[in-house]
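Student: Starting off with a structure, shown below.
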Amino acid sequence: MSRAVLALALALTAAFARAQGTPPLSDFAKDLVGTGWEISNSDRDKRCPVTFSVDPAPGGFKLELDPACTIVPLKQVVAWVLGPKDVLRLVDGNKTPVFEFAEVESGILEAERKGEGLYFMQTQAAIKAEIRNPDQLFGEWQIVRELDKPLCRLTLSDTSAGAENTYKIVVKPGCDARIAGFGPTTWRLDREQLVLTGRSGTWRFTESDPTTWERTPLSTDPLLLMKQ
C-alpha cells in the first residue's frame, strides 16, 4: 500500500469513525496498518503472518491471516480493536477478545492465553533482520547449566550433513550422560532458532546474546549453548 493510498484510507476511516461516534485511529493503530506482522508462540513452532486493515469489520477493523497460519485460536478472530493504553484486541464474532496484545518494547507485543503461555507479535521485517546466518555460528561451543561446569564441548562444523542448510556436529569426548544420551549429530538454523538434532530427538535454542543461546521452552533450570 503506497503512502498516498494509506493516508487517504486513514482519513476516510477517521471520517467514518467520527460519523459513527467512535474515536479515530491513534498513531499506534496507524503503525499497525500497511506493515506485515507475525504472531508466534514462545517456541516459534506455531506462527501466523497477519496484515491489519483500516476497513471496517463487525466489532472493529478487518485483518487478514495468511493461509499458512498454524495458530488455531486466531481462526476465530474477525476484527481488531484498540483498548485502553493501546492494548491490541483481536476479537471474535461476539466481540470477545481472543488475544490481547500489549507492547512490551519497541516493535514487540506480547499476549498470554491461559493454559497456552505467551504469544508474541513482531513485524516480519524485524524478524528477518534478527535471523542469523550459519557462517556466524561455525566454531567451538559448549553446553552448560547456568553457573555450572560445562556438560559437553562440541563443534558446530561447516560440513554439510546432506540436507539443505544442515551441518554436522563434532562432539568432544567426556560429555555428561544426559548430553551423550541425546547424541547430537546435526545442527541448522530455523529462522531465529538454533536446532540441534540427535539420536533421541531435537533440541531448540533461542539467542540470549551473540555468544549464548538458551534451550526452549525456557525454564528455571536453563540449559545454555555458549560459544568459546
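Residues are referred to by chain and number: the chain letter is A, B, ... according to the order shown in the C-alpha cells, the number counts from 1 in that chain, and ligands are numbered separately from 1 in the order shown.
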Mind checking DSSP for region 20-210 of chain A and telling me the strand (DSSP E or B) residues as number ranges by chain?
Tutor: A: 33, 36-41, 47-57, 60-65, 79-82, 88-91, 97-105, 108-113, 117-123, 139-145, 150-160, 166-171, 184-190, 193-198, 201-209
Student: Need the shell around Ser53 (chain A): protein/DNA/RNA residues with any atom at most 9 Å away, counting only C-alpha atoms. Skip same-chain ones fewer than 3 positions apart. Format as a list in words?
Tutor: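 Answer for this query is Leu32, Val33, Gly34, Pro56, Phe61, Lys62, Leu63, Glu64 and Trp80 of chain A.
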Student: Let me see the file: selected residues, all heavy atoms, as a PDB file, in the first residue's frame.
Tutor:
```pdb
ATOM      1  N   LEU A  32       0.160  -0.052  12.794  1.00  0.00           N
ATOM      2  CA  LEU A  32      -0.173  -1.453  12.529  1.00  0.00           C
ATOM      3  C   LEU A  32      -0.514  -1.685  11.063  1.00  0.00           C
ATOM      4  O   LEU A  32      -0.321  -2.783  10.538  1.00  0.00           O
ATOM      5  CB  LEU A  32      -1.384  -1.879  13.379  1.00  0.00           C
ATOM      6  CG  LEU A  32      -1.197  -1.966  14.893  1.00  0.00           C
ATOM      7  CD1 LEU A  32      -2.539  -2.228  15.558  1.00  0.00           C
ATOM      8  CD2 LEU A  32      -0.207  -3.059  15.253  1.00  0.00           C
ATOM      9  N   VAL A  33      -1.018  -0.642  10.422  1.00  0.00           N
ATOM     10  CA  VAL A  33      -1.588  -0.787   9.083  1.00  0.00           C
ATOM     11  C   VAL A  33      -0.501  -0.653   8.015  1.00  0.00           C
ATOM     12  O   VAL A  33       0.400   0.171   8.113  1.00  0.00           O
ATOM     13  CB  VAL A  33      -2.687   0.268   8.861  1.00  0.00           C
ATOM     14  CG1 VAL A  33      -3.274   0.150   7.456  1.00  0.00           C
ATOM     15  CG2 VAL A  33      -3.786   0.118   9.907  1.00  0.00           C
ATOM     16  N   GLY A  34      -0.601  -1.468   6.998  1.00  0.00           N
ATOM     17  CA  GLY A  34       0.332  -1.380   5.889  1.00  0.00           C
ATOM     18  C   GLY A  34       1.666  -2.045   6.153  1.00  0.00           C
ATOM     19  O   GLY A  34       2.596  -1.919   5.357  1.00  0.00           O
ATOM     20  N   PRO A  56     -13.627  -1.224   7.827  1.00  0.00           N
ATOM     21  CA  PRO A  56     -14.498  -1.602   8.949  1.00  0.00           C
ATOM     22  C   PRO A  56     -14.869  -3.082   8.883  1.00  0.00           C
ATOM     23  O   PRO A  56     -14.992  -3.676   7.820  1.00  0.00           O
ATOM     24  CB  PRO A  56     -15.740  -0.723   8.739  1.00  0.00           C
ATOM     25  CG  PRO A  56     -15.303   0.390   7.839  1.00  0.00           C
ATOM     26  CD  PRO A  56     -14.240  -0.197   6.962  1.00  0.00           C
ATOM     27  N   PHE A  61     -11.992  -3.424  13.061  1.00  0.00           N
ATOM     28  CA  PHE A  61     -11.405  -3.288  11.744  1.00  0.00           C
ATOM     29  C   PHE A  61     -10.951  -4.664  11.240  1.00  0.00           C
ATOM     30  O   PHE A  61     -10.655  -5.567  12.016  1.00  0.00           O
ATOM     31  CB  PHE A  61     -10.211  -2.330  11.774  1.00  0.00           C
ATOM     32  CG  PHE A  61     -10.562  -0.936  12.222  1.00  0.00           C
ATOM     33  CD1 PHE A  61     -10.378  -0.557  13.541  1.00  0.00           C
ATOM     34  CD2 PHE A  61     -11.094  -0.018  11.327  1.00  0.00           C
ATOM     35  CE1 PHE A  61     -10.711   0.726  13.960  1.00  0.00           C
ATOM     36  CE2 PHE A  61     -11.424   1.264  11.731  1.00  0.00           C
ATOM     37  CZ  PHE A  61     -11.240   1.634  13.054  1.00  0.00           C
ATOM     38  N   LYS A  62     -10.846  -4.786   9.936  1.00  0.00           N
ATOM     39  CA  LYS A  62     -10.513  -6.074   9.330  1.00  0.00           C
ATOM     40  C   LYS A  62      -9.037  -6.409   9.521  1.00  0.00           C
ATOM     41  O   LYS A  62      -8.186  -5.531   9.631  1.00  0.00           O
ATOM     42  CB  LYS A  62     -10.824  -6.051   7.830  1.00  0.00           C
ATOM     43  CG  LYS A  62     -12.303  -6.049   7.500  1.00  0.00           C
ATOM     44  CD  LYS A  62     -12.510  -6.088   5.984  1.00  0.00           C
ATOM     45  CE  LYS A  62     -13.992  -6.087   5.627  1.00  0.00           C
ATOM     46  NZ  LYS A  62     -14.208  -6.099   4.163  1.00  0.00           N
ATOM     47  N   LEU A  63      -8.763  -7.704   9.528  1.00  0.00           N
ATOM     48  CA  LEU A  63      -7.405  -8.194   9.462  1.00  0.00           C
ATOM     49  C   LEU A  63      -7.411  -9.450   8.606  1.00  0.00           C
ATOM     50  O   LEU A  63      -8.445 -10.097   8.433  1.00  0.00           O
ATOM     51  CB  LEU A  63      -6.820  -8.478  10.843  1.00  0.00           C
ATOM     52  CG  LEU A  63      -7.269  -9.744  11.591  1.00  0.00           C
ATOM     53  CD1 LEU A  63      -6.345  -9.991  12.769  1.00  0.00           C
ATOM     54  CD2 LEU A  63      -8.696  -9.618  12.080  1.00  0.00           C
ATOM     55  N   GLU A  64      -6.250  -9.754   8.064  1.00  0.00           N
ATOM     56  CA  GLU A  64      -6.134 -10.905   7.166  1.00  0.00           C
ATOM     57  C   GLU A  64      -5.069 -11.850   7.682  1.00  0.00           C
ATOM     58  O   GLU A  64      -3.942 -11.442   7.966  1.00  0.00           O
ATOM     59  CB  GLU A  64      -5.778 -10.435   5.752  1.00  0.00           C
ATOM     60  CG  GLU A  64      -5.668 -11.562   4.736  1.00  0.00           C
ATOM     61  CD  GLU A  64      -5.337 -11.056   3.344  1.00  0.00           C
ATOM     62  OE1 GLU A  64      -5.432  -9.830   3.118  1.00  0.00           O
ATOM     63  OE2 GLU A  64      -4.964 -11.873   2.485  1.00  0.00           O
ATOM     64  N   TRP A  80     -10.039  -6.438  14.643  1.00  0.00           N
ATOM     65  CA  TRP A  80      -9.134  -5.921  15.663  1.00  0.00           C
ATOM     66  C   TRP A  80      -9.611  -4.567  16.142  1.00  0.00           C
ATOM     67  O   TRP A  80     -10.211  -3.791  15.377  1.00  0.00           O
ATOM     68  CB  TRP A  80      -7.692  -5.815  15.150  1.00  0.00           C
ATOM     69  CG  TRP A  80      -7.464  -4.813  14.048  1.00  0.00           C
ATOM     70  CD1 TRP A  80      -7.633  -5.000  12.712  1.00  0.00           C
ATOM     71  CD2 TRP A  80      -7.014  -3.453  14.204  1.00  0.00           C
ATOM     72  NE1 TRP A  80      -7.317  -3.863  12.016  1.00  0.00           N
ATOM     73  CE2 TRP A  80      -6.941  -2.896  12.901  1.00  0.00           C
ATOM     74  CE3 TRP A  80      -6.678  -2.671  15.299  1.00  0.00           C
ATOM     75  CZ2 TRP A  80      -6.538  -1.580  12.679  1.00  0.00           C
ATOM     76  CZ3 TRP A  80      -6.270  -1.357  15.093  1.00  0.00           C
ATOM     77  CH2 TRP A  80      -6.207  -0.825  13.787  1.00  0.00           C
TER      78      TRP A  80
END
```
Student: Excluding Val144 (chain A) and residues on its chain fewer than 5 positions from it, collect all residues at most 9 Å away from it, counting only C-alpha atoms, and give them as a ChimeraX atom specification.
Tutor: /A:149-152,222-226
Student: Could you tell me how far CA of Glu112 (chain A) lies from CA of Lys46 (chain A), in Å and to one decimal?
Tutor: 14.4 Å
Student: With only C-alpha atoms as the atoms that count, which of A:Glu100, A:Asp158, A:Glu38, A:Glu164 lies nearest to Leu65 (chain A)?
Tutor: A:Glu38
Student: Give me, as number ranges by chain, the residues of region 34-225 of chain A that a backbone DSSP run labels alpha helix (DSSP H).
Tutor: A: 124-130, 177-182
Student: Write out as an MDAnalysis selection string the residues lying within 9 Å of Ala102 (chain A), counting only C-alpha atoms and excluding same-chain residues fewer than 2 positions away.
Tutor: chainID A and resid 85:89 100 104 108:111
Student: May I have the residues within 8 Å of Gly117 (chain A) as a short mmCIF file (atom, residue, chain, number, x, y, z; two decimals) with N, CA and C atoms, in the first residue's frame, using only C-alpha atoms and disregarding those fewer than 4 positions away in the same chain?
Tutor:
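Contents of selection_33.cif, as written:
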```cif
data_model
loop_
_atom_site.label_atom_id
_atom_site.label_comp_id
_atom_site.auth_asym_id
_atom_site.auth_seq_id
_atom_site.Cartn_x
_atom_site.Cartn_y
_atom_site.Cartn_z
N ASN A 41 4.02 -18.37 19.00
CA ASN A 41 4.15 -18.76 20.39
C ASN A 41 5.61 -18.65 20.81
N SER A 42 5.89 -18.91 22.09
CA SER A 42 7.25 -18.70 22.59
C SER A 42 8.26 -19.66 21.97
N GLU A 112 -0.89 -13.23 26.58
CA GLU A 112 -0.87 -14.51 27.28
C GLU A 112 -2.25 -15.13 27.23
N ARG A 113 -2.28 -16.43 26.88
CA ARG A 113 -3.52 -17.20 26.88
C ARG A 113 -3.42 -18.27 27.96
#
```
Student: Find the residue from A:Gly59, A:Arg145, A:Cys175, A:Leu82 that sits nearest to Asp221 (chain A); use only C-alpha atoms when measuring.
Tutor: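 Going through A:Gly59, A:Arg145, A:Cys175, A:Leu82 one by one, the smallest distance to Asp221 (chain A) is for A:Arg145.
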Student: For CA of Phe138 (chain A) and CA of Ser157 (chain A), determine how far apart the two atoms are, in Å to one decimal place.
Tutor: 5.5 Å
Student: Which is closer to Arg178 (chain A) than all the others in A:Ile143, A:Thr206, A:Val195, A:Ala163, using only C-alpha atoms?
Tutor: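 Under the stated criterion, the closest residue is A:Ile143.
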